[in-house]
>>> print(open('entry.cif').read())   # mmCIF, C-alpha atoms
data_my_file
#
loop_
_atom_site.label_atom_id
_atom_site.label_comp_id
_atom_site.auth_asym_id
_atom_site.auth_seq_id
_atom_site.Cartn_x
_atom_site.Cartn_y
_atom_site.Cartn_z
CA MET A 6 -33.91 15.54 -0.50
CA PRO A 7 -31.53 13.76 -2.89
CA VAL A 8 -31.07 10.08 -2.09
CA VAL A 9 -27.61 8.83 -3.04
CA ARG A 10 -25.99 5.43 -2.90
CA LEU A 11 -22.90 5.25 -0.70
CA VAL A 12 -20.08 2.85 -1.60
CA ALA A 13 -17.12 2.68 0.78
CA PHE A 14 -13.92 0.71 0.30
CA ALA A 15 -11.50 -1.20 2.51
CA ARG A 16 -11.28 0.17 6.06
CA LEU A 17 -14.15 2.59 5.37
CA ARG A 18 -16.39 -0.28 4.29
CA GLU A 19 -15.58 -2.01 7.58
CA LEU A 20 -16.62 1.11 9.48
CA LEU A 21 -19.57 2.26 7.36
CA GLY A 22 -20.94 -1.04 6.09
CA GLU A 23 -21.93 -2.38 2.70
CA PRO A 24 -23.33 -0.08 -0.05
CA ARG A 25 -26.58 1.62 1.03
CA ALA A 26 -28.89 4.51 0.23
CA ILE A 27 -28.62 7.73 2.21
CA ALA A 28 -30.82 10.85 2.05
CA LEU A 29 -29.36 14.36 2.29
CA PRO A 30 -30.87 17.86 2.41
CA GLU A 31 -31.55 19.70 -0.84
CA GLY A 32 -28.39 21.40 -2.14
CA ALA A 33 -26.05 19.07 -0.24
CA LYS A 34 -22.56 18.51 -1.58
CA VAL A 35 -20.23 15.52 -1.39
CA GLY A 36 -18.49 17.16 1.59
CA ASP A 37 -21.83 17.35 3.45
CA LEU A 38 -22.30 13.62 2.96
CA TRP A 39 -18.86 13.07 4.51
CA GLU A 40 -19.76 15.31 7.49
CA THR A 41 -22.92 13.24 7.99
CA LEU A 42 -20.88 10.06 8.02
CA VAL A 43 -18.36 11.53 10.48
CA ARG A 44 -21.24 12.26 12.88
CA GLU A 45 -22.57 8.74 12.40
CA GLU A 46 -19.19 7.01 12.86
CA PRO A 47 -16.52 9.35 14.32
CA ARG A 48 -13.78 6.78 13.76
CA VAL A 49 -13.79 7.58 10.02
CA THR A 50 -12.16 10.94 10.86
CA ALA A 51 -8.77 9.23 11.03
CA LEU A 52 -9.11 8.47 7.32
CA ALA A 53 -10.09 11.98 6.23
CA ARG A 54 -6.60 12.95 5.12
CA GLY A 55 -5.73 11.10 1.94
CA LEU A 56 -9.37 10.24 1.21
CA ARG A 57 -10.79 10.82 -2.29
CA PHE A 58 -14.40 10.91 -3.44
CA ALA A 59 -15.93 9.69 -6.66
CA ARG A 60 -19.35 10.55 -8.08
CA ASN A 61 -20.80 8.03 -10.52
CA GLU A 62 -17.40 6.34 -10.93
CA ALA A 63 -15.45 9.52 -11.67
CA LEU A 64 -13.13 11.21 -9.18
CA CYS A 65 -14.65 14.40 -7.74
CA ASP A 66 -14.07 16.83 -4.88
CA ALA A 67 -15.98 17.76 -1.74
CA GLU A 68 -17.64 20.72 -3.50
CA THR A 69 -19.41 18.51 -6.04
CA PRO A 70 -23.22 18.85 -5.68
CA LEU A 71 -25.19 15.67 -5.01
CA ARG A 72 -28.01 14.68 -7.36
CA GLU A 73 -30.78 12.16 -6.91
CA GLY A 74 -29.53 8.65 -7.68
CA ASP A 75 -25.81 9.49 -7.58
CA GLU A 76 -23.42 6.79 -6.52
CA ILE A 77 -20.78 8.28 -4.22
CA SER A 78 -17.61 6.26 -3.58
CA LEU A 79 -15.25 6.82 -0.67
CA LEU A 80 -11.73 5.87 -1.71
CA PRO A 81 -9.02 5.75 0.93
CA PRO A 82 -5.50 4.96 -0.26
CA PHE A 83 -4.54 1.37 0.60
CA GLY A 84 -1.39 0.66 2.55
CA GLY A 85 -0.29 -2.89 1.79
CA GLY A 86 1.81 -4.24 -1.06
CA MET B 24 17.87 -10.22 -28.48
CA THR B 25 16.09 -12.44 -31.01
CA LEU B 26 14.20 -15.65 -30.57
CA ALA B 27 15.87 -17.92 -33.06
CA GLY B 28 16.06 -21.39 -31.62
CA SER B 29 13.32 -23.99 -31.51
CA ARG B 30 13.73 -24.02 -27.72
CA ASP B 31 12.39 -20.48 -27.62
CA LEU B 32 9.58 -21.33 -29.99
CA ARG B 33 8.52 -24.14 -27.68
CA ARG B 34 8.80 -22.10 -24.49
CA TYR B 35 6.77 -19.20 -25.82
CA SER B 36 4.51 -21.11 -28.22
CA ARG B 37 1.33 -20.15 -26.33
CA HIS B 38 2.24 -16.48 -26.74
CA LEU B 39 3.24 -16.99 -30.37
CA LEU B 40 -0.23 -18.39 -31.07
CA ILE B 41 -1.86 -15.09 -30.03
CA PRO B 42 -2.08 -12.62 -32.92
CA GLU B 43 -1.57 -9.67 -30.53
CA ILE B 44 1.81 -11.06 -29.46
CA GLY B 45 3.31 -13.40 -32.06
CA LEU B 46 7.01 -13.56 -32.83
CA ALA B 47 7.38 -9.78 -33.03
CA GLY B 48 5.72 -9.27 -29.64
CA GLN B 49 7.75 -12.02 -28.01
CA GLU B 50 10.97 -10.50 -29.34
CA ARG B 51 9.82 -7.18 -28.04
CA LEU B 52 9.38 -8.67 -24.54
CA ALA B 53 12.82 -10.27 -24.78
CA SER B 54 14.40 -6.86 -25.37
CA SER B 55 12.33 -5.13 -22.66
CA ARG B 56 13.36 -4.17 -19.13
CA ALA B 57 11.04 -4.03 -16.11
CA LEU B 58 11.76 -2.78 -12.59
CA VAL B 59 9.69 -4.33 -9.80
CA ILE B 60 9.82 -2.26 -6.59
CA GLY B 61 9.15 -4.57 -3.65
CA ALA B 62 9.37 -8.36 -3.69
CA GLY B 63 6.45 -8.96 -1.34
CA GLY B 64 2.84 -10.04 -1.79
CA LEU B 65 2.31 -8.12 -5.03
CA GLY B 66 5.90 -8.47 -6.20
CA ALA B 67 5.90 -12.28 -6.07
CA PRO B 68 3.27 -12.88 -8.78
CA VAL B 69 4.43 -9.89 -10.83
CA LEU B 70 8.01 -11.16 -10.89
CA ALA B 71 7.03 -14.74 -11.64
CA TYR B 72 4.75 -13.82 -14.54
CA LEU B 73 7.16 -11.32 -16.07
CA ALA B 74 10.00 -13.85 -15.92
CA ALA B 75 7.81 -16.62 -17.29
CA ALA B 76 6.65 -14.31 -20.09
CA GLY B 77 10.25 -13.74 -21.15
CA VAL B 78 10.76 -10.08 -20.25
CA GLY B 79 14.47 -9.84 -21.05
CA ARG B 80 15.71 -7.94 -18.00
CA ILE B 81 13.95 -7.71 -14.64
CA GLY B 82 15.08 -5.64 -11.66
CA VAL B 83 14.04 -7.08 -8.28
CA LEU B 84 14.29 -4.32 -5.71
CA ASP B 85 13.86 -5.11 -2.01
CA ASP B 86 16.08 -4.46 0.98
CA ASP B 87 14.24 -6.85 3.28
CA SER B 88 14.72 -10.52 4.19
CA VAL B 89 12.23 -13.37 4.03
CA ASP B 90 10.17 -13.68 7.21
CA GLU B 91 8.07 -16.72 8.08
CA SER B 92 4.93 -14.51 8.10
CA ASN B 93 5.59 -13.70 4.41
CA LEU B 94 5.08 -17.30 3.30
CA GLN B 95 1.28 -17.15 3.68
CA ARG B 96 1.18 -15.11 0.42
CA GLN B 97 4.64 -14.44 -1.04
CA ILE B 98 4.72 -17.57 -3.15
CA LEU B 99 8.17 -16.94 -4.61
CA PHE B 100 9.73 -17.94 -1.29
CA GLU B 101 10.07 -21.25 0.53
CA HIS B 102 10.38 -22.21 4.17
CA ALA B 103 14.13 -22.72 3.85
CA ASP B 104 14.52 -19.10 2.64
CA ILE B 105 13.56 -17.57 6.01
CA GLY B 106 16.16 -14.97 6.94
CA ARG B 107 17.68 -14.74 3.44
CA PRO B 108 17.57 -11.49 1.42
CA LYS B 109 14.43 -11.36 -0.73
CA ALA B 110 16.16 -9.84 -3.78
CA ALA B 111 18.72 -12.65 -3.92
CA VAL B 112 16.21 -15.43 -3.31
CA ALA B 113 13.83 -14.00 -5.92
CA ALA B 114 16.68 -13.78 -8.44
CA GLU B 115 17.49 -17.48 -7.85
CA ARG B 116 13.86 -18.55 -8.29
CA LEU B 117 13.30 -16.45 -11.39
CA HIS B 118 16.50 -17.70 -12.98
CA ALA B 119 15.38 -21.27 -12.29
CA LEU B 120 12.00 -20.48 -13.83
CA ASN B 121 13.45 -18.94 -16.98
CA PRO B 122 17.23 -19.03 -17.45
CA GLN B 123 16.93 -16.80 -20.54
CA VAL B 124 15.92 -13.81 -18.46
CA THR B 125 18.51 -11.53 -16.84
CA ILE B 126 17.67 -10.66 -13.23
CA ASP B 127 19.14 -7.65 -11.41
CA ALA B 128 18.98 -8.38 -7.68
CA LEU B 129 18.80 -4.91 -6.10
CA GLN B 130 19.12 -5.20 -2.35
CA VAL B 131 18.55 -1.52 -1.63
CA ARG B 132 15.86 0.78 -0.28
CA PHE B 133 14.17 2.76 -3.06
CA ASP B 134 14.27 6.43 -2.06
CA ALA B 135 14.77 9.94 -3.37
CA SER B 136 18.56 9.44 -3.51
CA ASN B 137 18.51 6.60 -6.04
CA ALA B 138 15.00 6.70 -7.57
CA ARG B 139 15.78 8.43 -10.87
CA ASP B 140 19.00 6.49 -11.50
CA LEU B 141 17.21 3.18 -10.97
CA VAL B 142 14.08 3.98 -12.95
CA ARG B 143 16.14 5.26 -15.90
CA LEU B 144 17.53 1.77 -16.54
CA TYR B 145 14.12 0.20 -17.26
CA ASP B 146 11.21 0.59 -19.68
CA VAL B 147 8.38 0.04 -17.24
CA VAL B 148 8.22 0.26 -13.43
CA ILE B 149 5.86 -1.85 -11.33
CA ASP B 150 5.24 -0.43 -7.86
CA CYS B 151 4.64 -3.33 -5.47
CA SER B 152 5.83 -1.46 -2.39
CA ASP B 153 4.03 -1.22 0.93
CA ARG B 154 4.82 2.31 2.06
CA PHE B 155 3.57 5.69 0.97
CA THR B 156 7.04 7.30 0.83
CA THR B 157 8.08 4.75 -1.79
CA ARG B 158 4.86 5.24 -3.78
CA TYR B 159 5.25 9.01 -4.10
CA CYS B 160 8.94 8.62 -4.83
CA ALA B 161 8.36 5.96 -7.53
CA SER B 162 5.63 7.99 -9.19
CA ASP B 163 7.75 11.17 -9.16
CA ALA B 164 10.75 9.33 -10.61
CA CYS B 165 8.65 7.70 -13.35
CA SER B 166 7.05 11.01 -14.27
CA LEU B 167 10.45 12.75 -14.41
CA GLU B 168 12.15 9.93 -16.34
CA LYS B 169 9.15 9.51 -18.69
CA LYS B 170 8.44 5.90 -17.74
CA ILE B 171 5.13 4.07 -17.48
CA GLU B 172 4.33 2.92 -13.94
CA ILE B 173 1.94 0.16 -13.00
CA PHE B 174 0.66 0.76 -9.48
CA ALA B 175 -1.22 -1.38 -6.97
CA ALA B 176 -1.95 -1.43 -3.25
CA ILE B 177 -3.94 -3.80 -1.07
CA PHE B 178 -5.84 -4.01 2.22
CA ARG B 179 -7.27 -7.26 3.64
CA PHE B 180 -9.71 -8.21 0.82
CA ASP B 181 -9.41 -5.07 -1.33
CA GLY B 182 -7.03 -4.01 -4.05
CA GLN B 183 -6.41 -0.89 -6.15
CA VAL B 184 -4.65 -1.11 -9.52
CA THR B 185 -3.90 1.55 -12.11
CA ARG B 186 -1.33 2.81 -14.57
CA PHE B 187 0.44 6.17 -14.50
CA ASP B 188 1.81 7.62 -17.74
CA PRO B 189 4.66 10.10 -18.23
CA ASP B 190 2.24 12.83 -19.32
CA GLY B 191 -0.05 12.06 -16.37
CA PRO B 192 -2.05 11.35 -14.43
CA CYS B 193 0.41 10.37 -11.68
CA TYR B 194 0.01 9.04 -8.14
CA ARG B 195 -0.11 12.62 -6.84
CA CYS B 196 -3.10 13.37 -9.11
CA LEU B 197 -4.93 10.42 -7.58
CA PHE B 198 -3.81 10.81 -3.96
CA PRO B 199 -2.29 14.28 -3.44
CA HIS B 200 -2.21 13.83 0.33
CA ALA B 201 -0.67 10.92 2.19
CA PRO B 202 -3.01 9.50 4.83
CA GLU B 203 -2.57 10.29 8.48
CA PRO B 204 0.12 7.99 9.92
CA GLY B 205 -1.43 4.95 11.52
CA SER B 206 -4.80 5.34 9.79
CA VAL B 207 -3.99 3.09 6.83
CA PRO B 208 -2.45 -0.22 7.87
CA THR B 209 0.09 -2.26 5.91
CA CYS B 210 -0.29 -6.04 5.61
CA ALA B 211 1.91 -6.44 8.69
CA GLU B 212 -0.50 -4.22 10.64
CA GLY B 213 -3.93 -5.00 9.26
CA GLY B 214 -3.45 -8.44 7.77
CA VAL B 215 -4.33 -9.55 4.24
CA LEU B 216 -6.02 -12.51 2.60
CA GLY B 217 -3.09 -14.51 1.22
CA VAL B 218 -4.47 -14.86 -2.29
CA LEU B 219 -5.47 -11.16 -2.62
CA PRO B 220 -2.01 -9.92 -3.68
CA GLY B 221 -1.99 -12.84 -6.14
CA ILE B 222 -5.15 -11.54 -7.81
CA VAL B 223 -4.06 -7.91 -7.77
CA GLY B 224 -0.42 -8.64 -8.70
CA ALA B 225 -1.62 -10.67 -11.68
CA TRP B 226 -3.55 -7.58 -12.88
CA GLN B 227 -0.34 -5.57 -12.53
CA ALA B 228 1.66 -8.13 -14.50
CA SER B 229 -0.98 -8.08 -17.22
CA GLU B 230 -0.87 -4.28 -17.46
CA ALA B 231 2.95 -4.32 -17.49
CA LEU B 232 3.02 -6.82 -20.38
CA LYS B 233 0.37 -4.82 -22.27
CA ALA B 234 2.46 -1.67 -21.79
CA LEU B 235 5.62 -3.36 -23.09
CA LEU B 236 3.72 -4.87 -26.03
CA GLU B 237 1.65 -1.72 -26.61
CA ILE B 238 -1.51 -3.76 -26.98
CA GLY B 239 -5.04 -3.49 -25.63
CA GLU B 240 -6.68 -0.71 -23.70
CA PRO B 241 -4.34 0.53 -20.97
CA LEU B 242 -5.63 0.87 -17.40
CA ARG B 243 -4.82 4.56 -17.64
CA GLY B 244 -6.93 7.17 -15.87
CA ARG B 245 -8.95 4.31 -14.42
CA LEU B 246 -8.54 3.03 -10.87
CA LEU B 247 -9.56 -0.62 -10.78
CA LEU B 248 -10.97 -1.65 -7.41
CA VAL B 249 -10.98 -5.34 -6.58
CA ASP B 250 -13.14 -6.59 -3.70
CA ALA B 251 -12.38 -10.27 -3.16
CA LEU B 252 -14.94 -10.58 -0.35
CA ALA B 253 -17.80 -9.58 -2.64
CA ALA B 254 -16.09 -11.08 -5.74
CA ARG B 255 -16.69 -7.76 -7.50
CA THR B 256 -14.62 -5.19 -9.36
CA ARG B 257 -15.39 -1.52 -9.87
CA GLU B 258 -13.70 1.29 -11.70
CA VAL B 259 -13.21 4.97 -10.95
CA ARG B 260 -12.08 7.34 -13.69
CA PHE B 261 -9.54 10.01 -12.88
CA ALA B 262 -7.63 12.54 -14.95
CA ARG B 263 -4.39 14.46 -14.75
CA ASP B 264 -4.86 17.16 -12.12
CA PRO B 265 -3.98 20.59 -13.57
CA ASP B 266 -2.92 21.59 -10.03
CA CYS B 267 -0.68 18.53 -9.52
CA VAL B 268 2.71 19.57 -8.15
CA ARG B 269 4.45 17.04 -10.40
CA CYS B 270 2.50 16.69 -13.66
CA GLY B 271 0.16 19.68 -13.43
CA ASP B 272 0.16 22.79 -15.62
CA GLN B 273 2.66 24.58 -13.39
CA PRO B 274 4.71 21.87 -11.70
CA THR B 275 6.85 22.80 -8.70
CA LEU B 276 8.34 19.39 -8.05
CA PHE B 277 11.34 18.50 -10.19
CA GLU B 278 13.01 15.82 -8.09
CA PRO B 279 11.43 12.74 -6.47
CA VAL B 280 10.20 13.45 -2.97
CA ASP B 281 9.36 11.12 -0.13
CA ALA B 282 5.85 12.01 1.03
CA PRO B 283 5.04 13.20 4.55
CA GLU B 284 4.56 9.58 5.59
CA ASP B 285 7.95 9.96 7.26
CA GLU B 286 5.88 11.23 10.18
CA SER B 287 4.91 7.66 10.95
CA THR B 288 8.45 6.81 11.93
CA ALA B 289 9.57 10.21 13.20
CA SER B 290 9.80 10.63 16.95
CA ILE B 291 7.08 12.68 18.61
CA ALA B 292 8.39 15.88 20.19
CA GLY B 293 8.58 15.56 23.95
CA VAL B 294 7.69 11.86 24.04
CA ALA B 295 10.44 9.46 25.07
CA GLU B 296 11.14 6.53 22.78
CA VAL B 297 11.59 3.29 24.70
CA ALA B 298 13.91 0.88 22.90
CA PRO B 299 12.62 -2.72 22.98
CA GLU B 300 15.56 -3.82 25.15
CA ASP B 301 14.67 -1.13 27.71
CA LEU B 302 10.98 -1.99 27.96
CA ASP B 303 11.24 -4.30 30.97
CA ALA B 304 13.09 -1.60 32.94
CA ALA B 305 10.64 1.11 31.83
CA LEU B 306 7.67 -0.96 33.00
CA ARG B 307 8.97 -0.97 36.59
CA ASP B 308 7.41 2.47 37.06
CA ALA B 309 5.00 2.62 34.13
CA LEU B 310 2.08 0.70 32.65
CA LEU B 311 2.06 -0.69 29.16
CA LEU B 312 -0.89 0.68 27.18
CA ASP B 313 -1.60 -1.78 24.37
CA VAL B 314 -3.69 -0.11 21.63
CA ARG B 315 -4.05 -3.10 19.31
CA GLU B 316 -7.55 -4.25 18.36
CA PRO B 317 -9.21 -7.00 20.48
CA HIS B 318 -8.85 -9.77 17.86
CA GLU B 319 -5.07 -9.30 17.82
CA ALA B 320 -4.69 -10.56 21.39
CA VAL B 321 -4.45 -14.12 20.11
CA LEU B 322 -1.03 -13.17 18.63
CA GLY B 323 0.38 -12.46 22.10
CA VAL B 324 -0.19 -10.19 25.10
CA ILE B 325 2.08 -8.65 27.73
CA PRO B 326 0.88 -9.63 31.21
CA GLY B 327 -0.41 -6.66 33.18
CA ALA B 328 -0.86 -4.44 30.11
CA VAL B 329 -3.80 -2.03 29.91
CA HIS B 330 -5.64 -2.83 26.71
CA ILE B 331 -7.63 -0.09 24.96
CA PRO B 332 -7.87 -0.56 21.18
CA ALA B 333 -6.96 2.54 19.14
CA SER B 334 -10.42 2.39 17.56
CA GLN B 335 -12.01 2.85 21.02
CA LEU B 336 -9.45 5.24 22.46
CA GLU B 337 -11.50 8.42 22.23
CA ALA B 338 -14.52 6.77 23.88
CA ARG B 339 -12.56 5.00 26.62
CA MET B 340 -9.89 7.56 27.47
CA HIS B 341 -11.55 8.13 30.86
CA GLU B 342 -10.39 4.64 31.89
CA LEU B 343 -6.83 5.97 31.92
CA ASP B 344 -5.26 8.00 34.73
CA SER B 345 -3.28 11.00 33.48
CA ALA B 346 -1.24 10.94 36.72
CA LYS B 347 0.18 7.54 35.75
CA ARG B 348 3.03 6.87 33.36
CA TYR B 349 2.20 4.87 30.20
CA VAL B 350 4.37 3.23 27.59
CA VAL B 351 2.10 3.10 24.55
CA ALA B 352 2.53 0.14 22.20
CA CYS B 353 0.89 -1.53 19.21
CA ARG B 354 2.02 -4.17 16.76
CA VAL B 355 4.68 -2.25 14.80
CA GLY B 356 4.58 1.24 16.32
CA VAL B 357 2.29 3.13 13.94
CA ARG B 358 -1.07 3.12 15.69
CA SER B 359 0.69 3.77 18.99
CA ARG B 360 2.02 7.07 17.57
CA TRP B 361 -1.47 7.99 16.53
CA ALA B 362 -2.75 7.09 20.01
CA ILE B 363 -0.06 9.21 21.66
CA ALA B 364 -1.07 12.21 19.56
CA ARG B 365 -4.71 11.79 20.69
CA LEU B 366 -3.70 11.29 24.33
CA ARG B 367 -1.51 14.39 24.25
CA ASP B 368 -4.38 16.40 22.80
CA ALA B 369 -6.43 15.20 25.76
CA GLY B 370 -3.82 16.42 28.24
CA PHE B 371 -1.81 13.28 29.02
CA GLN B 372 1.80 14.22 29.72
CA ARG B 373 3.53 11.15 31.13
CA LEU B 374 3.74 9.16 27.91
CA ALA B 375 6.46 7.10 26.31
CA HIS B 376 6.44 5.14 23.09
CA LEU B 377 7.60 1.58 22.44
CA GLU B 378 9.87 1.87 19.42
CA GLY B 379 9.07 -0.70 16.73
CA GLY B 380 6.09 -2.05 18.65
CA LEU B 381 5.57 -5.45 20.22
CA LEU B 382 6.97 -7.14 17.11
CA ARG B 383 10.43 -5.68 17.76
CA TYR B 384 10.18 -6.42 21.49
CA ALA B 385 9.36 -10.06 20.70
CA ALA B 386 12.36 -10.25 18.37
CA LEU B 387 14.62 -9.89 21.43
CA ASP B 388 13.65 -13.47 22.22
CA ALA B 389 13.42 -12.74 25.93
CA GLY B 390 10.57 -15.17 26.54
CA PHE B 391 7.72 -13.07 25.09
CA GLU B 392 5.69 -15.21 22.66
CA PHE B 393 4.39 -13.02 19.85
CA PHE B 394 3.49 -13.60 16.21
#
>>> encode(input="entry.cif", output="structure tokens")
Amino acid sequence: MPVVRLVAFARLRELLGEPRAIALPEGAKVGDLWETLVREEPRVTALARGLRFARNEALCDAETPLREGDEISLLPPFGGG
Amino acid sequence: MTLAGSRDLRRYSRHLLIPEIGLAGQERLASSRALVIGAGGLGAPVLAYLAAAGVGRIGVLDDDSVDESNLQRQILFEHADIGRPKAAVAAERLHALNPQVTIDALQVRFDASNARDLVRLYDVVIDCSDRFTTRYCASDACSLEKKIEIFAAIFRFDGQVTRFDPDGPCYRCLFPHAPEPGSVPTCAEGGVLGVLPGIVGAWQASEALKALLEIGEPLRGRLLLVDALAARTREVRFARDPDCVRCGDQPTLFEPVDAPEDESTASIAGVAEVAPEDLDAALRDALLLDVREPHEAVLGVIPGAVHIPASQLEARMHELDSAKRYVVACRVGVRSRWAIARLRDAGFQRLAHLEGGLLRYAALDAGFEFF
């Protein structure tokens, strides 16, 4: 069960809270983490399109496997200017 | 342009004292040209610092006018400017700040029709816009015209800053898909801490000056994330995407394109648009469904409106009666479109949409107090 640290930004931080640890099943990928969060807080679904993931401060995709101690960032594009 | 006179030496003396700039660097700035897209929250500090730094030619592009709600953060403007075109006011202020700098006041909308022609005239482009169409268009134009772009965007307490280079990565590498309309608010929709664009815009100005001077380590392939609430910055590395439609290995995009964000202002098939001036008449046989969040009520409410925040819509849809007619409204008409799409999915048929939201309705000045 890899435990990863979740860091969400902007609107997603408002919905998912401050950085925290989260445990996932063995073999889970970044996309599985997202599915878990969608179940926990369905309102994040509205931000799925446009969203990018980062693993240990490098952009990654949903297929990236999770490893123990990874920091996973959820990066929505921001709207204001 | 050369810096000969003692007046120049005095004005720029604090730059001339820095080895990385010096006389050669200052002359380089004087012969440089920067285009700032959007004279809003980010644009204000960017413009002021570039003009103060002596960037020889600065384009100020904005087709909007100064609104009182801008003054909480757009520090280039004053109370007396309300209603005046931003590009012209900014040009006045910047000229007063540094008469040696040439300002191009561009009172136009930046879009696919003019993007390349505008970008071509400058050395660096600073994207301070507040819409996704403009962002994709600016990035495409910069990539095609081989210009460096300094990008930033903000939300409430958060900012994103990075630099896009002609050989990539570009904005499409970072965000290939525009967000769902209504899901990502602008400052007008979601609000913003007044000083936040000051912090983030200052980062942009710094990167723009570094790019023109070719000094330091560029913020390239690194997305800088500023969180003012936690007083913390983070960084995410990103690279050119080989599959990018613009700067990838096999590009398919050879002209700037406005991203699908157009959906946010496009009418929804089969749903009537109610013009603000027709709202009173429409409400004779319909209810107003206000989908703004609860804390926004302090800015004004329509008496008799049904209030279900967009964030609670899915959970509280059962409170609505699909046999009734609803005019769906929010602040500016973005979340209301999103709400209509959800309601239609759930089987609601008798829906209409308030065009431009409550903000446009209030602008009619028909006694509705709204801010």
>>> residues_around(input="entry.cif", residues="Ala369 in chain B", least_positions_apart="6", cutoff="10 Å", atoms="only C-alpha atoms", output="list in words")
Glu337, Met340, Ser345 and Ile363 of chain B
>>> resolve_selection(input="entry.cif", expression="the PyMOL selection byres ((chain B) within 8 of (chain A))", output="PyMOL selection string")
chain B and resi 61+63-66+151-155+175-183+197-203+206-210+220+258-261+334
>>> atom_distance(input="entry.cif", atom1="CA of Arg25 in chain A", atom2="CA of Pro70 in chain A")
18.8 Å
>>> resolve_selection(input="entry.cif", expression="the PyMOL selection byres ((chain A and resi 33) around 10)", output="NGL selection string")
:A and (6-7 or 28-32 or 34-38 or 68-72)
>>> residues_around(input="entry.cif", residues="Ile238 in chain B", least_positions_apart="4", cutoff="10 Å", atoms="all atoms listed in the file", output="number ranges by chain")
B: 43-44, 48, 230, 232-234
